[in-house]
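Here is the structure we will look at, set down as C-alpha cells.
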Amino acid sequence: MSLDAERLREDFPILRRTFHGKRFVYLDNAATTQKPSCVIDRLSEFYRLYNSNVHRGAYTLAEEATDLYEKSRANISAFIGGKPEELIFVRGATEAINMVAYSYALARLEKGDTILSTEMEHHSNIVPWQLLQPHGLRLDFVKLSGKGELSLEDFKEKITRRTKLVTFTHASNVLGTINPASEFAKIAHDNGSKVLVDGAQSVPHMPVDVRELGADFYAFSGHKMLGPMGIGGLYAKSDLLEEMAPFQGGGEMIKEVGLDASTWAEPPQKFEAGTPNVAGSVGLSEAVDYLRRLDMSRVREHEKRLSAYALQELESQEGVRVFGPGDPERRGGVISFEVKGVHPHDLATILDREGVAIRSGHHCAQPVADWLGVSATARASFYIYNDHTDIDSLISALGMVRKIFGRRA
Amino acid sequence: MSLDAERLREDFPILRRTFHGKRFVYLDNAATTQKPSCVIDRLSEFYRLYNSNVHRGAYTLAEEATDLYEKSRANISAFIGGKPEELIFVRGATEAINMVAYSYALARLEKGDTILSTEMEHHSNIVPWQLLQPHGLRLDFVKLSGKGELSLEDFKEKITRRTKLVTFTHASNVLGTINPASEFAKIAHDNGSKVLVDGAQSVPHMPVDVRELGADFYAFSGHKMLGPMGIGGLYAKSDLLEEMAPFQGGGEMIKEVGLDASTWAEPPQKFEAGTPNVAGSVGLSEAVDYLRRLDMSRVREHEKRLSAYALQELESQEGVRVFGPGDPERRGGVISFEVKGVHPHDLATILDREGVAIRSGHHCAQPVADWLGVSATARASFYIYNDHTDIDSLISALGMVRKIFGRRA
Amino acid sequence: MSDIFQETILHHYEHPSNKGKIENPDVKISDTNTLCGDKVTMYARLNGRVLEEVKFDGAGCAISMASASLLTERAKGMSIRDVIELGQRDVLEMLGLESLTPMRIKCAMLGVRTLQKGLIEYESKKPV
Amino acid sequence: MSDIFQETILHHYEHPSNKGKIENPDVKISDTNTLCGDKVTMYARLNGRVLEEVKFDGAGCAISMASASLLTERAKGMSIRDVIELGQRDVLEMLGLESLTPMRIKCAMLGVRTLQKGLIEYESKKPV
Ligand SMILES: Cc1ncc(COP(=O)(O)O)c(C=O)c1O
Ligand SMILES: Cc1ncc(COP(=O)(O)O)c(C=O)c1O
C-alpha cells in the first residue's frame, strides 16, 4: 500500500496556505519539513499541562515531565535501533557532530591522528573537523566521482593507520546520493576506525537501524522529520559515551561539584548540560510515532516513486540538467538541477510566484558545488505529503521560467 | 499599580490543574516558569503558518520566517538594552556560558590567565570554567559571607593582574541575593577584566539594562521567563563578538567553506551553527512582549512584596530556618529554608500532596549548600502569577508537615 | 494523606536500627544519591557466606534512612547470594508501601544497592 | 506576474554594459554575496575625484548582474562622493523596481556596495 499524500496533506495546516494566489507546493523538505497537527498539538498540550523542569523535582508535575522526557528518549532511540541510554538530546545534527568533535575527537585522539570525511558533506560535517586542525588533528576527504558517488577506491586509499574516525553522510542533501553506509562502516571498522554517520537526510526518509549499519555515532535533526525545531539526537554506543569527555558543563551533567573539581553524571545526562528542551523531545517523539504509523519502508517507496517521476519529467525539459545519480534506487528524494541561462535564484523567485517553494544556493555544501563546477544549484526535495501533482506544478512553473528567460535565450 | 496575580493566572492554562484534589500552587519558578496562552498559541501559529528554515530560502515563506526570526532577535535584545547584532540565540544560560568559555576564554586567553567566579554560582557558571583548567587557565572564587552575600573584600583581594574575566550571577538561585552587578563590573573593568553576568535569575524578574550594568557578556534562559524551552540568549558586546573564535562549526556560521579552510560569517550568525530554533525565538519574543506589557518594575515590586510576606510568615513558623539576606530590597523572589528534623525531600513530598510544588535539593549550586553546611534545602520561588494566597497555602501545608513529623520530634 | 510517611518509616527514620560503624568490617562501602544528596555507608561482617552483622551510617530523607535501617535488620543472617537478589519489590515490602515514584524509588534503593555493590566487590576479591 | 523580471533587468542581465576588465585600474575590488554565491569585481579609472570609466565582471543572478551593469552606466562621470552616497532607493530606481525582498535586496546592492568599498579604500590610501 502506497502513501496517500493528498490525505496526509490534511494533517499539515501550513499546506493549506496559498502564495501569490497559488496552491502552496512545498519542495524544500531537505531544509526542514512541515509539522502535522498532532505534533503541534502535542507541544501545546505539553505546555498547557505538563511543563516542568525534569529529574530534580520532588513534586508530581516534575515526575510527569521527567517521565515524558525519558519515554521520548526511549521511543526516539528505538526508532533508529538504539537503546534509551545511547541517545543524547541535542539541538540538531550540527550540534551532534560538534559534540563528537569536542568530546571524542579533541578529547580522546592524539596529535597526528586523522579524521576522514568526504567531499559530499554538509558544512556541518566539515567545519567542526576543521576547527580541530589547529589542535594537531589531521583531516582528509574521500573524493567524489562518477555522477556524484563517493569513490570507494579513494576511500580505501585514504584510510590509513592514523585514521581514527571516518565520518560521512548517509544521504547527500545536494546530490541525493544514498551512500552504502554499512559497506563503508565495515571498511572503517576493519581498519580499526570509529564511524560517525550523518543521518540528517536519512532518518526522516528511510528505515534506519544503527546496529545494522554499524555506526558508532549517528547524528540527526528533529525538524527535518516532522518534529519541532531545536531538538535532535546523537546516538552513540555506550562504551564510547563512557570514555568521552563532557562537552558543555553545567547543571544536569554532574554528579558532584566542588570548587576544586567535579565528577560527572552517567551518560546520557553527562552530555546534557543545562535545562533540556523537554517540550522538543515530546514533540519529536510524537513525530516519530506518526512516521512509524506510516511505516518507513512505505515512506522510502513513496519518495523513490516520486523521484523517478521527477527525474523523468525534469530530464525531458529543454535546457534542464539534473545532477546526481540517475537510478532512483540509489538516491533519496532530493534533486538538484540547473536551467541553462537562468541563475538558480532567479529560478526560485519565479517558481515562488507560482506557489512552488524550492531552494537555490550551495545548500551548505560548497565542496559539492565546487565539484559540480557551479556556484549554486536549484534543489527540489520531497516528503510524504508531496505527490505527482506537486511535480507537475514544478514542471509547469518551469514553463513560466522559460517564458520569461527563454524567449530571449 | 500592582500586578493582579489572580487575573494573570487565567492566562496560564497549567495553573488550572489540580493535584491530589488540591489547587495547584506552583512555587518552583526559579527552575522554570509556566507559559501563558499567548506564548503557547504563538508557537502553534508559527508551525501552522510560518514554519521554514531561515536566511537562505528564495521563496516567500522563507522570507517571512527569516523576518520573524530577526525581529525576535531585535525585540529580545532590546528588552535587555542590547542591539540586535549583539544577541546570539542559544539553548539557554548554560550554553551561553559555555560559549564564552570556549570561544572567548579558551580561544583568546593565555595559559596562566585567571577566571574569577564566585561561591554563589549555579553549576553552569562553575563547571564550564573547570573544564578549561586542563588547558592552563586558572580559576578562583569570590567567597560568600554574612547572610549569603559575596564578600566585596574578598573580591578585591582575589582580583589580580592575571584576572582576565570576572563572572558572577546577577541573582542567586538559592539564597535569593541580588548582587550589586554594576559595582562589581566597575571594579572588574578598572582592573582591565571583562565581565560575564549570569542573568538567568534576573532578566525574568527585574528591569535589566546590560549597558547600565556594564556587562561585556550577559547570559539568560527563555524558559525561566515565560518563554519556550530550548531557547535563550548570550548578549555580548560587538567588539568581543568580532574577536571571538567560533564555537560550533556548521551551516549558517560560515562565509565560505573550502576543504582546506573556511571563513566565518559576521556575528551573530558566526555563533549560530546549524538550523536555528526559529519557533523558540518567536515564542520568546512573545513572552518578552507579555512581560513588557506587565512592566518589569512592577514585576520586581510584586515579587518584593511577596518575598517580604513569605519571609515574615516563614520566620514566624516554629522550627523553620530561612537562608539568605533578610532585606527584601536586596533579594529576589527565591527563598530557601529548612524545617528542623525534616529532610527537604520529605518536605517537598508532603507539600506536593497539598498541591504545593516546591523544590528540594542543592539546586545545582553545591558550593552554596556546602557554605550553608547542608546537603539540601527546600526552596520556594515566586513569579507574576503567585500571590499571598499561594504563600498561605505553603504555610498551611507546612502545618501538615509538622503534623506528620512534628508530633514525634 | 501521605500513606508514604506511615508509622514504620517514621519510626525507622527517627529511631534507626543498627546505625553506626562496624570496626574492621569485611564490607565497607559508601554511595550517594546524586539527585537528592542522600548519603549512606554500609558495613557488614561476614561469617563465611552469611552476613553476621550489618550496620549503616549516613544522612538523607526519611525514605532512604528508613529503608537502610530496615535493611540492616532484614539482611542479618542472610546469605550473600540472597542479599544480592533483593529487588524493588522486597524493599517496598519492607517499607510497607505499595509503590513509590521513580524519584523516591531511588531513595528507597540506595541502601540495598550500596550493600549489594559492596558484597559483589567482596566476592570478586576473595581468593577462591 | 513577476514584475521583478521586467525588460530592463532581463536586458542588462543578457546584454550587460561595461562587462570586462580595466587594465591598470585605480580601483579594483571583488566581493561575494555569501547567501547566494553571487560574485562581482568592480573596476574604476579616476580622473581626479571623478569616475572616468567603470566596468564590472562576475557571475550571479539577474538582479545582481543587471544592477552592476546599470551601475557602471550610472556611475560614469559621477564624483566619488556622489557614488558613495548612492543608497537602496537609487538602486531600486535604476532597476525600475518599487521594492525587493530583504534577500534579493542584497543581490541588488552587491555591485554598488563593492564599488563604494573600493572608493573608500582608494580615498584612504591617497596622499592628501
Ligand atoms: C546532510 C546534512 N547534515 C547536517 C545538516 C545539519 O542539520 P541542522 O542544521 O539541523 O543541524 C543538514 C541540514 O541542514 C544536512 O542536510
Ligand atoms: C543562576 C542560574 N544560572 C544558570 C542556570 C542555567 O540555566 P539553564 O538550565 O536554562 O541553562 C540557572 C537555572 O537553572 C540558574 O538559576
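In the C-alpha cells, the first chain shown is A, the next is B, and so on; residue numbers restart at 1 for each chain, and ligands run from 1 in the order shown.
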
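Residue neighbourhood of Asp387 in chain A, excluding near-sequence residues (fewer than 5 positions): Ala5, Glu6 and Leu306 of chain A, at 8 Å, using only C-alpha atoms.
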
Restricted to C-alpha atoms, what would the selected residues look like written as a compact mmCIF listing (two decimals), in the first residue's frame?
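Output file part.txt is given in full below:
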```txt
# COMPACT_ATOMS: atom_id res chain seq x y z
CA ALA A 5 -0.14 12.13 0.04
CA GLU A 6 -3.32 14.03 -0.62
CA LEU A 306 8.30 10.48 -6.73
```

- Please extract the residues at most 6 Å from ligand 1, counting only C-alpha atoms and all ligand atoms, and provide them as a PyMOL selection string, using the chain letters and residue numbers of this document. (chain A and resi 31+92-94+122+124+169+172-173+198+200-201+221) or (chain B and resi 274-275)

Those residues you just picked out, can you put them in a file as an mmCIF file, in the first residue's frame with N, CA and C atoms?
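Saved the output as result.cif:
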```
data_model
loop_
_atom_site.group_PDB
_atom_site.id
_atom_site.type_symbol
_atom_site.label_atom_id
_atom_site.label_comp_id
_atom_site.auth_asym_id
_atom_site.auth_seq_id
_atom_site.Cartn_x
_atom_site.Cartn_y
_atom_site.Cartn_z
ATOM 1 N N ALA A 31 15.638 21.044 3.673
ATOM 2 C CA ALA A 31 15.994 22.128 4.609
ATOM 3 C C ALA A 31 15.264 21.938 5.921
ATOM 4 N N GLY A 92 20.365 19.676 17.158
ATOM 5 C CA GLY A 92 20.172 19.116 15.827
ATOM 6 C C GLY A 92 21.447 18.402 15.395
ATOM 7 N N ALA A 93 21.485 17.984 14.135
ATOM 8 C CA ALA A 93 22.626 17.226 13.633
ATOM 9 C C ALA A 93 23.932 17.997 13.803
ATOM 10 N N THR A 94 23.879 19.317 13.602
ATOM 11 C CA THR A 94 25.095 20.117 13.724
ATOM 12 C C THR A 94 25.681 20.007 15.123
ATOM 13 N N HIS A 122 27.752 18.018 4.072
ATOM 14 C CA HIS A 122 27.189 19.295 4.516
ATOM 15 C C HIS A 122 28.276 20.000 5.345
ATOM 16 N N SER A 124 28.218 21.092 8.103
ATOM 17 C CA SER A 124 28.200 20.592 9.483
ATOM 18 C C SER A 124 29.109 19.400 9.702
ATOM 19 N N THR A 169 28.125 11.266 5.256
ATOM 20 C CA THR A 169 26.674 11.411 5.311
ATOM 21 C C THR A 169 26.011 10.154 4.770
ATOM 22 N N SER A 172 23.091 12.357 0.660
ATOM 23 C CA SER A 172 23.532 13.716 0.322
ATOM 24 C C SER A 172 22.350 14.673 0.215
ATOM 25 N N ASN A 173 22.519 15.867 0.790
ATOM 26 C CA ASN A 173 21.466 16.871 0.724
ATOM 27 C C ASN A 173 21.522 17.686 -0.561
ATOM 28 N N ASP A 198 26.295 10.843 9.405
ATOM 29 C CA ASP A 198 25.396 11.993 9.451
ATOM 30 C C ASP A 198 24.063 11.539 8.866
ATOM 31 N N ALA A 200 21.151 13.156 8.977
ATOM 32 C CA ALA A 200 20.167 14.240 8.846
ATOM 33 C C ALA A 200 19.223 14.007 7.666
ATOM 34 N N GLN A 201 19.752 13.423 6.571
ATOM 35 C CA GLN A 201 18.923 13.211 5.383
ATOM 36 C C GLN A 201 18.475 11.764 5.217
ATOM 37 N N SER A 221 18.482 15.421 12.989
ATOM 38 C CA SER A 221 17.749 16.624 13.399
ATOM 39 C C SER A 221 16.256 16.346 13.431
ATOM 40 N N GLY B 274 24.227 25.640 12.448
ATOM 41 C CA GLY B 274 23.091 24.726 12.309
ATOM 42 C C GLY B 274 21.771 25.463 12.204
ATOM 43 N N THR B 275 20.742 24.712 11.880
ATOM 44 C CA THR B 275 19.407 25.300 11.766
ATOM 45 C C THR B 275 18.990 25.837 13.129
#
```

Within 12 Å of chain A, which residues of chain D are there when counting only C-alpha atoms? Please give them as a tab-separated table (two decimals) with all heavy atoms, in the first residue's frame.
```tsv
chain	number	residue	atom	x	y	z
D	1	MET	N	2.60	38.83	-14.05
D	1	MET	CA	3.38	38.23	-12.96
D	1	MET	C	4.74	38.90	-12.81
D	1	MET	O	5.02	39.92	-13.46
D	1	MET	CB	3.48	36.70	-13.21
D	1	MET	CG	4.57	36.22	-14.13
D	1	MET	SD	5.62	34.98	-13.29
D	1	MET	CE	6.92	35.96	-12.61
D	2	SER	N	5.55	38.30	-11.97
D	2	SER	CA	6.93	38.73	-11.68
D	2	SER	C	7.36	40.04	-12.32
D	2	SER	O	8.19	40.05	-13.20
D	2	SER	CB	7.93	37.69	-12.17
D	2	SER	OG	7.60	36.43	-11.71
D	3	ASP	N	6.80	41.15	-11.86
D	3	ASP	CA	7.26	42.43	-12.38
D	3	ASP	C	8.77	42.55	-12.15
D	3	ASP	O	9.44	43.35	-12.78
D	3	ASP	CB	6.51	43.58	-11.69
D	3	ASP	CG	6.26	43.26	-10.23
D	3	ASP	OD1	7.03	42.46	-9.67
D	3	ASP	OD2	5.29	43.80	-9.67
D	4	ILE	N	9.27	41.72	-11.22
D	4	ILE	CA	10.69	41.83	-10.91
D	4	ILE	C	11.58	41.52	-12.12
D	4	ILE	O	12.63	42.11	-12.30
D	4	ILE	CB	11.04	40.98	-9.66
D	4	ILE	CG1	12.53	40.64	-9.57
D	4	ILE	CG2	10.24	39.72	-9.61
D	4	ILE	CD1	12.86	39.92	-8.28
D	5	PHE	N	11.11	40.59	-12.97
D	5	PHE	CA	11.92	40.30	-14.15
D	5	PHE	C	11.42	41.05	-15.38
D	5	PHE	O	11.03	40.46	-16.38
D	5	PHE	CB	11.96	38.79	-14.41
D	5	PHE	CG	12.68	38.07	-13.31
D	5	PHE	CD1	11.98	37.30	-12.41
D	5	PHE	CD2	14.04	38.20	-13.16
D	5	PHE	CE1	12.64	36.65	-11.38
D	5	PHE	CE2	14.71	37.56	-12.13
D	5	PHE	CZ	14.01	36.78	-11.23
D	6	GLN	N	11.38	42.36	-15.27
D	6	GLN	CA	10.90	43.13	-16.41
D	6	GLN	C	12.05	43.41	-17.38
D	6	GLN	O	13.20	43.07	-17.14
D	6	GLN	CB	10.18	44.41	-15.96
D	6	GLN	CG	10.64	45.06	-14.70
D	6	GLN	CD	12.01	45.68	-14.85
D	6	GLN	OE1	12.69	45.55	-15.86
D	6	GLN	NE2	12.45	46.35	-13.80
D	7	GLU	N	11.67	44.05	-18.43
D	7	GLU	CA	12.55	44.29	-19.57
D	7	GLU	C	13.97	44.77	-19.21
D	7	GLU	O	14.96	44.16	-19.59
D	7	GLU	CB	11.85	45.30	-20.50
D	7	GLU	CG	12.34	45.29	-21.90
D	7	GLU	CD	12.34	43.91	-22.53
D	7	GLU	OE1	11.41	43.12	-22.28
D	7	GLU	OE2	13.31	43.60	-23.27
D	9	ILE	N	15.79	44.73	-16.53
D	9	ILE	CA	16.63	43.77	-15.82
D	9	ILE	C	17.07	42.64	-16.74
D	9	ILE	O	18.26	42.31	-16.83
D	9	ILE	CB	15.90	43.24	-14.58
D	9	ILE	CG1	15.77	44.39	-13.56
D	9	ILE	CG2	16.64	42.06	-13.97
D	9	ILE	CD1	15.08	44.04	-12.29
D	10	LEU	N	16.11	42.07	-17.45
D	10	LEU	CA	16.47	40.97	-18.34
D	10	LEU	C	17.45	41.44	-19.42
D	10	LEU	O	18.40	40.74	-19.76
D	10	LEU	CB	15.22	40.38	-18.98
D	10	LEU	CG	14.34	39.58	-18.00
D	10	LEU	CD1	13.09	39.08	-18.70
D	10	LEU	CD2	15.12	38.42	-17.39
D	11	HIS	N	17.19	42.64	-19.93
D	11	HIS	CA	18.09	43.16	-20.95
D	11	HIS	C	19.52	43.29	-20.42
D	11	HIS	O	20.48	42.81	-21.04
D	11	HIS	CB	17.61	44.52	-21.47
D	11	HIS	CG	18.57	45.15	-22.43
D	11	HIS	ND1	18.60	44.81	-23.77
D	11	HIS	CD2	19.57	46.04	-22.24
D	11	HIS	CE1	19.57	45.47	-24.37
D	11	HIS	NE2	20.18	46.23	-23.46
D	12	HIS	N	19.66	43.91	-19.26
D	12	HIS	CA	21.01	44.11	-18.71
D	12	HIS	C	21.65	42.81	-18.25
D	12	HIS	O	22.87	42.69	-18.20
D	12	HIS	CB	20.98	45.13	-17.56
D	12	HIS	CG	21.05	46.54	-18.06
D	12	HIS	ND1	22.24	47.20	-18.22
D	12	HIS	CD2	20.09	47.39	-18.47
D	12	HIS	CE1	22.02	48.42	-18.69
D	12	HIS	NE2	20.71	48.56	-18.85
D	13	TYR	N	20.80	41.83	-17.88
D	13	TYR	CA	21.34	40.53	-17.48
D	13	TYR	C	21.94	39.84	-18.72
D	13	TYR	O	23.05	39.31	-18.66
D	13	TYR	CB	20.22	39.68	-16.89
D	13	TYR	CG	20.63	38.27	-16.52
D	13	TYR	CD1	21.74	38.04	-15.70
D	13	TYR	CD2	19.87	37.18	-16.94
D	13	TYR	CE1	22.10	36.74	-15.35
D	13	TYR	CE2	20.22	35.88	-16.59
D	13	TYR	CZ	21.34	35.67	-15.80
D	13	TYR	OH	21.69	34.39	-15.44
D	14	GLU	N	21.22	39.93	-19.81
D	14	GLU	CA	21.67	39.20	-21.00
D	14	GLU	C	22.64	39.99	-21.87
D	14	GLU	O	23.48	39.41	-22.54
D	14	GLU	CB	20.45	38.74	-21.81
D	14	GLU	CG	19.87	37.49	-21.18
D	14	GLU	CD	18.39	37.32	-21.45
D	14	GLU	OE1	17.90	37.90	-22.43
D	14	GLU	OE2	17.72	36.62	-20.66
D	15	HIS	N	22.52	41.28	-21.79
D	15	HIS	CA	23.44	42.14	-22.56
D	15	HIS	C	24.02	43.18	-21.65
D	15	HIS	O	23.69	44.36	-21.74
D	15	HIS	CB	22.69	42.81	-23.73
D	15	HIS	CG	21.92	41.83	-24.55
D	15	HIS	ND1	22.51	40.94	-25.42
D	15	HIS	CD2	20.58	41.56	-24.61
D	15	HIS	CE1	21.58	40.18	-25.99
D	15	HIS	NE2	20.41	40.55	-25.51
D	32	THR	N	31.64	38.93	-2.60
D	32	THR	CA	30.64	37.92	-2.88
D	32	THR	C	29.45	38.13	-1.96
D	32	THR	O	29.57	38.70	-0.89
D	32	THR	CB	31.16	36.50	-2.61
D	32	THR	OG1	31.63	36.46	-1.27
D	32	THR	CG2	32.27	36.13	-3.55
D	33	ASN	N	28.33	37.66	-2.41
D	33	ASN	CA	27.13	37.64	-1.59
D	33	ASN	C	27.05	36.23	-1.02
D	33	ASN	O	26.69	35.28	-1.71
D	33	ASN	CB	25.93	37.94	-2.50
D	33	ASN	CG	24.65	37.98	-1.74
D	33	ASN	OD1	24.55	37.45	-0.64
D	33	ASN	ND2	23.66	38.63	-2.32
D	34	THR	N	27.45	36.10	0.26
D	34	THR	CA	27.58	34.75	0.83
D	34	THR	C	26.33	33.92	0.67
D	34	THR	O	26.37	32.73	0.39
D	34	THR	CB	27.81	34.82	2.36
D	34	THR	OG1	28.46	36.03	2.67
D	34	THR	CG2	28.60	33.63	2.82
D	35	LEU	N	25.19	34.54	0.91
D	35	LEU	CA	23.95	33.79	0.90
D	35	LEU	C	23.66	33.19	-0.46
D	35	LEU	O	23.06	32.14	-0.56
D	35	LEU	CB	22.79	34.69	1.34
D	35	LEU	CG	22.83	35.11	2.80
D	35	LEU	CD1	21.66	36.01	3.12
D	35	LEU	CD2	22.81	33.89	3.71
D	36	CYS	N	24.06	33.89	-1.52
D	36	CYS	CA	23.68	33.48	-2.87
D	36	CYS	C	24.82	32.88	-3.66
D	36	CYS	O	24.60	32.14	-4.61
D	36	CYS	CB	23.22	34.69	-3.68
D	36	CYS	SG	21.90	35.57	-2.88
D	37	GLY	N	26.04	33.29	-3.34
D	37	GLY	CA	27.15	32.90	-4.19
D	37	GLY	C	27.38	33.87	-5.34
D	37	GLY	O	28.23	33.63	-6.19
D	38	ASP	N	26.63	34.98	-5.40
D	38	ASP	CA	26.91	36.00	-6.42
D	38	ASP	C	28.32	36.55	-6.20
D	38	ASP	O	28.71	36.82	-5.08
D	38	ASP	CB	25.93	37.17	-6.30
D	38	ASP	CG	24.49	36.76	-6.64
D	38	ASP	OD1	24.31	35.79	-7.38
D	38	ASP	OD2	23.58	37.43	-6.13
D	39	LYS	N	29.03	36.73	-7.32
D	39	LYS	CA	30.40	37.26	-7.23
D	39	LYS	C	30.54	38.43	-8.17
D	39	LYS	O	30.08	38.36	-9.30
D	39	LYS	CB	31.42	36.20	-7.65
D	39	LYS	CG	31.64	35.17	-6.60
D	39	LYS	CD	32.81	34.26	-6.92
D	39	LYS	CE	32.95	33.30	-5.76
D	39	LYS	NZ	32.99	31.91	-6.08
D	58	GLY	N	31.92	39.28	-13.29
D	58	GLY	CA	31.36	38.42	-12.25
D	58	GLY	C	30.29	37.51	-12.78
D	58	GLY	O	30.07	37.39	-13.97
D	59	ALA	N	29.67	36.83	-11.84
D	59	ALA	CA	28.62	35.88	-12.19
D	59	ALA	C	27.61	35.86	-11.07
D	59	ALA	O	27.98	35.95	-9.90
D	59	ALA	CB	29.22	34.49	-12.38
D	60	GLY	N	26.36	35.76	-11.42
D	60	GLY	CA	25.34	35.74	-10.38
D	60	GLY	C	23.96	35.82	-10.99
D	60	GLY	O	23.78	35.60	-12.19
D	61	CYS	N	23.01	36.13	-10.15
D	61	CYS	CA	21.62	36.15	-10.58
D	61	CYS	C	21.33	37.40	-11.42
D	61	CYS	O	22.15	38.32	-11.49
D	61	CYS	CB	20.69	36.10	-9.38
D	61	CYS	SG	20.79	37.56	-8.35
D	62	ALA	N	20.18	37.43	-12.03
D	62	ALA	CA	19.81	38.54	-12.90
D	62	ALA	C	19.82	39.87	-12.15
D	62	ALA	O	20.27	40.89	-12.67
D	62	ALA	CB	18.42	38.28	-13.50
D	63	ILE	N	19.35	39.86	-10.93
D	63	ILE	CA	19.28	41.10	-10.16
D	63	ILE	C	20.67	41.65	-9.90
D	63	ILE	O	20.93	42.85	-10.09
D	63	ILE	CB	18.57	40.87	-8.80
D	63	ILE	CG1	17.23	40.17	-8.98
D	63	ILE	CG2	18.42	42.18	-8.03
D	63	ILE	CD1	16.17	41.00	-9.62
D	64	SER	N	21.58	40.79	-9.45
D	64	SER	CA	22.92	41.30	-9.12
D	64	SER	C	23.67	41.73	-10.36
D	64	SER	O	24.35	42.76	-10.36
D	64	SER	CB	23.71	40.24	-8.34
D	64	SER	OG	24.03	39.14	-9.17
D	65	MET	N	23.53	40.98	-11.44
D	65	MET	CA	24.26	41.31	-12.66
D	65	MET	C	23.67	42.55	-13.34
D	65	MET	O	24.39	43.45	-13.76
D	65	MET	CB	24.24	40.11	-13.63
D	65	MET	CG	25.04	38.91	-13.13
D	65	MET	SD	26.83	39.26	-12.90
D	65	MET	CE	26.95	39.31	-11.12
D	100	LEU	N	12.07	45.23	-3.17
D	100	LEU	CA	12.61	43.88	-3.30
D	100	LEU	C	12.57	43.26	-1.91
D	100	LEU	O	12.62	43.98	-0.90
D	100	LEU	CB	14.06	43.92	-3.80
D	100	LEU	CG	14.29	43.99	-5.30
D	100	LEU	CD1	15.77	44.19	-5.59
D	100	LEU	CD2	13.81	42.72	-6.00
D	101	THR	N	12.50	41.95	-1.84
D	101	THR	CA	12.54	41.30	-0.53
D	101	THR	C	13.95	41.47	0.06
D	101	THR	O	14.91	41.68	-0.68
D	101	THR	CB	12.25	39.80	-0.67
D	101	THR	OG1	13.26	39.23	-1.50
D	101	THR	CG2	10.89	39.57	-1.32
D	103	MET	N	16.07	39.47	1.00
D	103	MET	CA	17.05	38.56	0.44
D	103	MET	C	17.55	39.08	-0.91
D	103	MET	O	18.75	39.06	-1.18
D	103	MET	CB	16.37	37.21	0.22
D	103	MET	CG	17.30	36.04	0.29
D	103	MET	SD	17.62	35.64	2.02
D	103	MET	CE	16.27	34.52	2.36
D	104	ARG	N	16.64	39.54	-1.76
D	104	ARG	CA	17.04	39.98	-3.08
D	104	ARG	C	17.66	41.37	-3.07
D	104	ARG	O	18.42	41.74	-3.97
D	104	ARG	CB	15.85	39.94	-4.06
D	104	ARG	CG	15.21	38.57	-4.27
D	104	ARG	CD	16.22	37.43	-4.46
D	104	ARG	NE	17.03	37.47	-5.63
D	104	ARG	CZ	16.77	36.80	-6.77
D	104	ARG	NH1	15.69	36.08	-6.86
D	104	ARG	NH2	17.59	36.89	-7.78
D	107	CYS	N	21.24	41.08	-3.28
D	107	CYS	CA	21.74	40.87	-4.64
D	107	CYS	C	21.86	42.21	-5.35
D	107	CYS	O	22.87	42.51	-5.98
D	107	CYS	CB	20.79	39.98	-5.43
D	107	CYS	SG	20.39	38.40	-4.64
```

- Task: Would you list the residues that come within 10 Å of ligand 2? Count only C-alpha atoms and all ligand atoms and give the answer as a ChimeraX atom specification.
- Result: /A:53,249-252,272-277 /B:29-32,90-98,120-126,168-174,176,197-202,219-224,229-233,363-365

- Item | Atom pair CA of Glu10 in chain A / CA of Leu226 in chain A: separation (Å) | 14.2 Å

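Excluding Glu149 in chain B and any residue on its chain fewer than 5 positions from it, the residues at most 10 Å away by only C-alpha atoms are Glu119, Met120, Lys143, Leu144, Ser172, Leu175, Gly176, Thr177, Ile178, Asn179, Pro180, Gly324, Pro325 and Arg330 of chain B.
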
- Would you return as JSON, numbers by chain the members of chain C that DSSP assigns to strand (DSSP E) on this structure's backbone? {"C": [27, 28, 29, 30, 31, 32, 33, 38, 39, 40, 41, 42, 43, 44, 45, 46, 47, 50, 51, 52, 53, 54, 55, 56, 57, 58, 59]}
